[in-house]
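Encoded as structure tokens, the structure appears first; notes follow it.
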Amino acid sequence: MKSYQLFSSHLKKRFGGRVHKISVDAGFGCPNRNGGRSGAGCLFCDPGGSGAVGIERQLSVAAQIEQGKEVMTRKYKAGKFMAYFQPFSNTLAPVDVLRALYDEALDVEDVVGLAIGTRPDCVPAEVLDLLAEYHEKTYLWLELGLQSSHDRTLDWLKRGHDFATFVEAVQGAKSRGLRICVHAILGLPGESRTDILKTMDALAELQVEGVKLHLLHVLQDTPLGDLYVEGEISVMGMEEYVALVVDCMERLHPETLIHRLTGDGPRAQLLAPLWSLKKWEVLNAIDAEFARRGSRQGDFCRCLK
């Protein structure tokens, strides 16, 4: 038994077997690039929009999913899948365009749900209404990139939105019954342990249904990578990160599903930290730290006190 609410276990219980997410690049852009709010995008984002390695963008959505199914079936004997619209902002289009793309994904055999990754400033009312339609007919997650609850950090990252915009997006999604998974980065320059735990407290208070905790990893061809090469920022060691992850999960709501606990950028692009490539070693160390403390997710959740 894990000391936290593992998303994959939730999927297995809900669907009666393992469900694998297949990343899809549907050709979306980002309002924070190409002359947008900051011009060059967020400091950590690479030219591919932080998408999964190996996505063939020139293929249709259906063809990308079929290709992913073949790989997952061969490697893991997978039988059910979720289409994960991952790179860039996957709600940044007119509603009729979004509907066609989401329908194309759901029409693929054995696709049982959708995960839609986007930004808090890209979910106007008409988009949330559309997602609410899909929530009624399939298994849907809205994934919102937050990274930090602190406006000074969001400004430094050149996110192009503030925390209030995120809260508004969450409230709009919740009013329509949507499941929300929030992305947060641990180890951002200028943030203390106290700052990071305040972000976790905010997510607990909002009672978001899911969280992805990302290690700050530095990639080539990003502004963050340039800062790292110039010696202006540093990254966490593994022991520090493991302890911080457990601190964070102790503060989250006990029912929040944990979708991810680390980040491991593409091997060919990763500048640091190289220990992040040892994913299972990191995950095992997190389990061991929970066992050492004798704690569980939500033990210090402030919203329950």
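Note on naming: chains are A, B, ... as they come in the structure tokens, residues start from 1 per chain, ligands start from 1 in the order shown.
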Name all residues at most 10 Å from His214 of chain A (count only C-alpha atoms; drop same-chain ones fewer than 6 positions away) and give them as number ranges by chain.
A: 147, 183-187, 245, 260-264
If you keep N, CA, C and O atoms, can you produce a file of those selected residues as a PDB file, in the first residue's frame?
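What ended up in again_24.pdb:
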```pdb
ATOM      1  N   GLN A 147       2.498  25.904 -11.611  1.00  0.00           N
ATOM      2  CA  GLN A 147       3.923  25.930 -11.257  1.00  0.00           C
ATOM      3  C   GLN A 147       4.162  26.522  -9.871  1.00  0.00           C
ATOM      4  O   GLN A 147       4.927  25.972  -9.095  1.00  0.00           O
ATOM      5  N   HIS A 183      -0.404  21.280 -12.230  1.00  0.00           N
ATOM      6  CA  HIS A 183       1.036  21.062 -12.334  1.00  0.00           C
ATOM      7  C   HIS A 183       1.769  22.091 -11.475  1.00  0.00           C
ATOM      8  O   HIS A 183       1.498  23.296 -11.587  1.00  0.00           O
ATOM      9  N   ALA A 184       2.692  21.638 -10.635  1.00  0.00           N
ATOM     10  CA  ALA A 184       3.507  22.530  -9.819  1.00  0.00           C
ATOM     11  C   ALA A 184       4.960  22.103  -9.918  1.00  0.00           C
ATOM     12  O   ALA A 184       5.262  20.908  -9.952  1.00  0.00           O
ATOM     13  N   ILE A 185       5.857  23.075  -9.972  1.00  0.00           N
ATOM     14  CA  ILE A 185       7.295  22.800 -10.076  1.00  0.00           C
ATOM     15  C   ILE A 185       7.949  23.044  -8.723  1.00  0.00           C
ATOM     16  O   ILE A 185       7.766  24.100  -8.106  1.00  0.00           O
ATOM     17  N   LEU A 186       8.718  22.069  -8.256  1.00  0.00           N
ATOM     18  CA  LEU A 186       9.457  22.193  -7.010  1.00  0.00           C
ATOM     19  C   LEU A 186      10.912  22.529  -7.319  1.00  0.00           C
ATOM     20  O   LEU A 186      11.522  21.926  -8.199  1.00  0.00           O
ATOM     21  N   GLY A 187      11.444  23.499  -6.568  1.00  0.00           N
ATOM     22  CA  GLY A 187      12.842  23.874  -6.749  1.00  0.00           C
ATOM     23  C   GLY A 187      13.045  25.090  -7.620  1.00  0.00           C
ATOM     24  O   GLY A 187      14.152  25.321  -8.121  1.00  0.00           O
ATOM     25  N   VAL A 245       9.319  16.509  -1.553  1.00  0.00           N
ATOM     26  CA  VAL A 245       8.121  15.881  -2.111  1.00  0.00           C
ATOM     27  C   VAL A 245       7.236  15.336  -0.995  1.00  0.00           C
ATOM     28  O   VAL A 245       6.009  15.512  -0.992  1.00  0.00           O
ATOM     29  N   ARG A 260       1.859  12.517 -10.676  1.00  0.00           N
ATOM     30  CA  ARG A 260       3.292  12.492 -10.994  1.00  0.00           C
ATOM     31  C   ARG A 260       4.072  13.030  -9.803  1.00  0.00           C
ATOM     32  O   ARG A 260       3.602  13.916  -9.086  1.00  0.00           O
ATOM     33  N   LEU A 261       5.277  12.489  -9.609  1.00  0.00           N
ATOM     34  CA  LEU A 261       6.094  12.887  -8.466  1.00  0.00           C
ATOM     35  C   LEU A 261       7.481  13.381  -8.831  1.00  0.00           C
ATOM     36  O   LEU A 261       8.255  13.757  -7.942  1.00  0.00           O
ATOM     37  N   THR A 262       7.810  13.380 -10.079  1.00  0.00           N
ATOM     38  CA  THR A 262       9.129  13.864 -10.490  1.00  0.00           C
ATOM     39  C   THR A 262       9.066  14.255 -11.958  1.00  0.00           C
ATOM     40  O   THR A 262       8.054  14.042 -12.620  1.00  0.00           O
ATOM     41  N   GLY A 263      10.118  14.836 -12.454  1.00  0.00           N
ATOM     42  CA  GLY A 263      10.197  15.179 -13.870  1.00  0.00           C
ATOM     43  C   GLY A 263      11.500  14.636 -14.427  1.00  0.00           C
ATOM     44  O   GLY A 263      12.532  14.702 -13.771  1.00  0.00           O
ATOM     45  N   ASP A 264      11.445  14.087 -15.607  1.00  0.00           N
ATOM     46  CA  ASP A 264      12.654  13.534 -16.226  1.00  0.00           C
ATOM     47  C   ASP A 264      12.676  13.966 -17.688  1.00  0.00           C
ATOM     48  O   ASP A 264      12.130  13.298 -18.536  1.00  0.00           O
TER      49      ASP A 264
END
```
Residues of segment 96-147 of chain A at most 12 Å from segment 71-88 of chain A: nearest atom pair and distance in Å, only C-alpha atoms, as a Markdown table:
```
| residue | atom | partner | partner_atom | distance |
| --- | --- | --- | --- | --- |
| A:Leu98 | CA | A:Phe85 | CA | 10.9 |
| A:Leu101 | CA | A:Phe85 | CA | 9.7 |
| A:Tyr102 | CA | A:Ala83 | CA | 8.8 |
| A:Asp103 | CA | A:Ala83 | CA | 10.7 |
| A:Glu104 | CA | A:Ala83 | CA | 10.1 |
| A:Ala105 | CA | A:Ala83 | CA | 6.4 |
| A:Leu106 | CA | A:Ala83 | CA | 7.8 |
| A:Asp107 | CA | A:Ala83 | CA | 10.7 |
| A:Val108 | CA | A:Ala83 | CA | 9.5 |
| A:Glu109 | CA | A:Lys80 | CA | 8.8 |
| A:Asp110 | CA | A:Lys80 | CA | 5.1 |
| A:Val111 | CA | A:Phe81 | CA | 4.7 |
| A:Val112 | CA | A:Met82 | CA | 5.8 |
| A:Gly113 | CA | A:Met82 | CA | 4.7 |
| A:Leu114 | CA | A:Ala83 | CA | 5.0 |
| A:Ala115 | CA | A:Tyr84 | CA | 4.6 |
| A:Ile116 | CA | A:Phe85 | CA | 5.1 |
| A:Gly117 | CA | A:Gln86 | CA | 5.3 |
| A:Thr118 | CA | A:Phe88 | CA | 6.8 |
| A:Arg119 | CA | A:Phe88 | CA | 8.5 |
| A:Cys122 | CA | A:Phe88 | CA | 10.8 |
| A:Thr138 | CA | A:Met82 | CA | 10.3 |
| A:Tyr139 | CA | A:Met82 | CA | 8.6 |
| A:Leu140 | CA | A:Met82 | CA | 8.9 |
| A:Trp141 | CA | A:Tyr84 | CA | 9.2 |
| A:Leu142 | CA | A:Phe85 | CA | 10.0 |
| A:Glu143 | CA | A:Gln86 | CA | 9.1 |
| A:Leu144 | CA | A:Gln86 | CA | 10.8 |
| A:Gly145 | CA | A:Phe88 | CA | 10.3 |
```
Determine, counting only C-alpha atoms, which protein, DNA and RNA residues have an atom within 6 Å of an atom of segment 294-300 of chain A; residues of the same chain fewer than 5 positions away are not included. Present the result as a list in words.
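Close residues of segment 294-300 of chain A: Ser3, Tyr4, Met249, Glu250, Arg251, Leu252, His253 and Pro254 of chain A.
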Next, dump the selected residues to file, keeping only all heavy atoms, as an mmCIF file, in the first residue's frame.
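Final output, saved to out_7.cif:
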```
data_model
loop_
_atom_site.group_PDB
_atom_site.id
_atom_site.type_symbol
_atom_site.label_atom_id
_atom_site.label_comp_id
_atom_site.auth_asym_id
_atom_site.auth_seq_id
_atom_site.Cartn_x
_atom_site.Cartn_y
_atom_site.Cartn_z
ATOM 1 N N SER A 3 1.671 5.313 0.504
ATOM 2 C CA SER A 3 1.330 6.302 1.520
ATOM 3 C C SER A 3 0.628 7.506 0.906
ATOM 4 O O SER A 3 0.417 8.506 1.586
ATOM 5 C CB SER A 3 2.599 6.751 2.257
ATOM 6 O OG SER A 3 3.199 5.661 2.918
ATOM 7 N N TYR A 4 0.296 7.405 -0.358
ATOM 8 C CA TYR A 4 -0.369 8.499 -1.061
ATOM 9 C C TYR A 4 -1.320 7.934 -2.105
ATOM 10 O O TYR A 4 -1.282 6.733 -2.420
ATOM 11 C CB TYR A 4 0.651 9.444 -1.708
ATOM 12 C CG TYR A 4 1.686 8.753 -2.578
ATOM 13 C CD1 TYR A 4 1.466 8.592 -3.940
ATOM 14 C CD2 TYR A 4 2.875 8.279 -2.042
ATOM 15 C CE1 TYR A 4 2.403 7.968 -4.743
ATOM 16 C CE2 TYR A 4 3.821 7.654 -2.841
ATOM 17 C CZ TYR A 4 3.588 7.500 -4.185
ATOM 18 O OH TYR A 4 4.509 6.875 -4.977
ATOM 19 N N MET A 249 3.376 16.383 -0.023
ATOM 20 C CA MET A 249 2.228 15.471 -0.002
ATOM 21 C C MET A 249 1.601 15.396 1.376
ATOM 22 O O MET A 249 0.392 15.169 1.503
ATOM 23 C CB MET A 249 2.630 14.106 -0.523
ATOM 24 C CG MET A 249 2.815 14.091 -2.035
ATOM 25 S SD MET A 249 2.803 12.439 -2.732
ATOM 26 C CE MET A 249 4.424 11.882 -2.220
ATOM 27 N N GLU A 250 2.381 15.599 2.406
ATOM 28 C CA GLU A 250 1.806 15.659 3.753
ATOM 29 C C GLU A 250 0.861 16.853 3.910
ATOM 30 O O GLU A 250 -0.035 16.828 4.747
ATOM 31 C CB GLU A 250 2.919 15.738 4.797
ATOM 32 C CG GLU A 250 3.709 14.442 4.962
ATOM 33 C CD GLU A 250 4.898 14.594 5.883
ATOM 34 O OE1 GLU A 250 5.325 15.751 6.131
ATOM 35 O OE2 GLU A 250 5.433 13.565 6.345
ATOM 36 N N ARG A 251 1.055 17.893 3.089
ATOM 37 C CA ARG A 251 0.229 19.105 3.170
ATOM 38 C C ARG A 251 -0.975 19.075 2.220
ATOM 39 O O ARG A 251 -1.913 19.853 2.384
ATOM 40 C CB ARG A 251 1.078 20.342 2.857
ATOM 41 C CG ARG A 251 2.226 20.565 3.805
ATOM 42 C CD ARG A 251 1.764 21.051 5.163
ATOM 43 N NE ARG A 251 1.611 22.477 5.229
ATOM 44 C CZ ARG A 251 2.547 23.300 5.718
ATOM 45 N NH1 ARG A 251 3.692 22.834 6.168
ATOM 46 N NH2 ARG A 251 2.320 24.603 5.769
ATOM 47 N N LEU A 252 -0.925 18.229 1.198
ATOM 48 C CA LEU A 252 -2.035 18.159 0.250
ATOM 49 C C LEU A 252 -3.251 17.495 0.886
ATOM 50 O O LEU A 252 -3.142 16.785 1.890
ATOM 51 C CB LEU A 252 -1.621 17.384 -0.998
ATOM 52 C CG LEU A 252 -0.602 18.061 -1.922
ATOM 53 C CD1 LEU A 252 -0.153 17.092 -3.004
ATOM 54 C CD2 LEU A 252 -1.184 19.334 -2.539
ATOM 55 N N HIS A 253 -4.415 17.707 0.274
ATOM 56 C CA HIS A 253 -5.624 17.040 0.745
ATOM 57 C C HIS A 253 -5.441 15.525 0.611
ATOM 58 O O HIS A 253 -4.896 15.048 -0.392
ATOM 59 C CB HIS A 253 -6.829 17.514 -0.067
ATOM 60 C CG HIS A 253 -8.137 17.155 0.541
ATOM 61 N ND1 HIS A 253 -8.669 15.892 0.449
ATOM 62 C CD2 HIS A 253 -9.025 17.890 1.275
ATOM 63 C CE1 HIS A 253 -9.831 15.856 1.081
ATOM 64 N NE2 HIS A 253 -10.073 17.060 1.594
ATOM 65 N N PRO A 254 -5.889 14.745 1.589
ATOM 66 C CA PRO A 254 -5.654 13.292 1.537
ATOM 67 C C PRO A 254 -6.349 12.578 0.391
ATOM 68 O O PRO A 254 -5.980 11.445 0.066
ATOM 69 C CB PRO A 254 -6.189 12.802 2.897
ATOM 70 C CG PRO A 254 -7.093 13.877 3.382
ATOM 71 C CD PRO A 254 -6.530 15.157 2.849
#
```
Provide the atom CA of Thr165 of chain A to atom CA of His150 of chain A distance in Å, to one decimal place.
12.0 Å
Closest of A:Trp156, A:Phe7, A:Tyr134, A:Phe15 to Leu224 of chain A - atom-to-atom distances counting only C-alpha atoms:
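So, comparing all the options, the nearest one is A:Trp156.
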Where does DSSP see alpha helix (DSSP H) in segment 73-275 of chain A, if you list the residues as an MDAnalysis selection string?
chainID A and resid 73:76 95:106 125:137 151:156 163:174 193:206 223:229 238:251
Between atom CA of Val97 of chain A and atom CA of Val61 of chain A, distance in Å (one decimal):
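Going from atom CA of Val97 of chain A over to atom CA of Val61 of chain A covers 12.6 Å.
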Smallest atom-to-atom distance to Val235 of chain A: which of A:Leu271, A:Val127, A:Ile55, A:Leu43, using only C-alpha atoms?
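Among A:Leu271, A:Val127, A:Ile55, A:Leu43, it is A:Leu271 that comes nearest to Val235 of chain A.
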Of the candidates A:Leu154, A:Ala243, A:Cys248, A:Val218, which one gets nearest to Lys198 of chain A if we count only C-alpha atoms?
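Using only C-alpha atoms, the shortest distance to Lys198 of chain A belongs to A:Cys248.
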For atom CA of Ser60 of chain A and atom CA of Ala132 of chain A, the interatomic separation in Å (one decimal):
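Going from atom CA of Ser60 of chain A over to atom CA of Ala132 of chain A, I get 24.5 Å.
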When you look at Asp46 of chain A with a cut-off of 10 Å (counting only C-alpha atoms), what residues show up, excluding the ones that are within fewer than 3 positions of it in the same chain? I need them as a PyMOL selection string.
chain A and resi 41-43+49-51+218-225+269
For a quick check of understanding, using only C-alpha atoms, which of A:Arg159, A:Arg57, A:Arg14, A:Lys2 has the smallest distance to Ala26 of chain A?
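So, comparing all the options, the nearest one is A:Arg57.
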Would you mind telling me which residue in A:Leu197, A:Ala291, A:Leu188, A:Ala285 lies nearest to Phe44 of chain A when using only C-alpha atoms?
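The closest residue to Phe44 of chain A is A:Leu188.
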Per-residue DSSP, segment 20-154 of chain A, filtered to strand (DSSP E), as an MDAnalysis selection string
chainID A and resid 20:24 80:85 111:118 139:147
Can you pull out the residues contacting Ala173 of chain A? Cut-off 10 Å, using only C-alpha atoms, and skip same-chain residues under 5 positions away; I want them as a ChimeraX atom specification.
/A:123-125,127-129,131-132,142,167-168,178-180
Mind dumping the selected residues with N, CA and C atoms as an mmCIF file, in the first residue's frame?
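As a result, again.cif now contains:
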```cif
data_model
loop_
_atom_site.group_PDB
_atom_site.id
_atom_site.type_symbol
_atom_site.label_atom_id
_atom_site.label_comp_id
_atom_site.auth_asym_id
_atom_site.auth_seq_id
_atom_site.Cartn_x
_atom_site.Cartn_y
_atom_site.Cartn_z
ATOM 1 N N VAL A 123 -8.919 29.116 -20.716
ATOM 2 C CA VAL A 123 -10.151 28.351 -20.495
ATOM 3 C C VAL A 123 -11.340 29.309 -20.288
ATOM 4 N N PRO A 124 -11.708 30.051 -21.333
ATOM 5 C CA PRO A 124 -12.883 30.921 -21.233
ATOM 6 C C PRO A 124 -14.147 30.093 -21.020
ATOM 7 N N ALA A 125 -15.229 30.772 -20.731
ATOM 8 C CA ALA A 125 -16.483 30.093 -20.384
ATOM 9 C C ALA A 125 -16.928 29.110 -21.462
ATOM 10 N N VAL A 127 -15.170 27.397 -23.546
ATOM 11 C CA VAL A 127 -14.330 26.198 -23.525
ATOM 12 C C VAL A 127 -14.692 25.319 -22.333
ATOM 13 N N LEU A 128 -14.885 25.923 -21.175
ATOM 14 C CA LEU A 128 -15.290 25.151 -19.999
ATOM 15 C C LEU A 128 -16.640 24.481 -20.224
ATOM 16 N N ASP A 129 -17.540 25.165 -20.913
ATOM 17 C CA ASP A 129 -18.835 24.555 -21.234
ATOM 18 C C ASP A 129 -18.650 23.344 -22.134
ATOM 19 N N LEU A 131 -15.918 21.437 -22.334
ATOM 20 C CA LEU A 131 -15.313 20.372 -21.526
ATOM 21 C C LEU A 131 -16.343 19.720 -20.614
ATOM 22 N N ALA A 132 -17.294 20.517 -20.132
ATOM 23 C CA ALA A 132 -18.353 19.950 -19.300
ATOM 24 C C ALA A 132 -19.193 18.943 -20.086
ATOM 25 N N LEU A 142 -9.000 17.941 -16.797
ATOM 26 C CA LEU A 142 -8.451 19.216 -17.247
ATOM 27 C C LEU A 142 -7.152 19.437 -16.481
ATOM 28 N N VAL A 167 -6.905 30.746 -9.939
ATOM 29 C CA VAL A 167 -8.030 30.497 -9.027
ATOM 30 C C VAL A 167 -9.361 30.649 -9.770
ATOM 31 N N GLU A 168 -9.455 31.671 -10.614
ATOM 32 C CA GLU A 168 -10.669 31.878 -11.394
ATOM 33 C C GLU A 168 -10.935 30.691 -12.320
ATOM 34 N N LEU A 178 -15.875 19.623 -13.323
ATOM 35 C CA LEU A 178 -14.705 19.048 -13.979
ATOM 36 C C LEU A 178 -13.661 18.581 -12.972
ATOM 37 N N ARG A 179 -12.949 17.520 -13.329
ATOM 38 C CA ARG A 179 -11.786 17.078 -12.557
ATOM 39 C C ARG A 179 -10.587 17.922 -12.977
ATOM 40 N N ILE A 180 -9.828 18.393 -12.006
ATOM 41 C CA ILE A 180 -8.702 19.282 -12.290
ATOM 42 C C ILE A 180 -7.424 18.675 -11.753
#
```
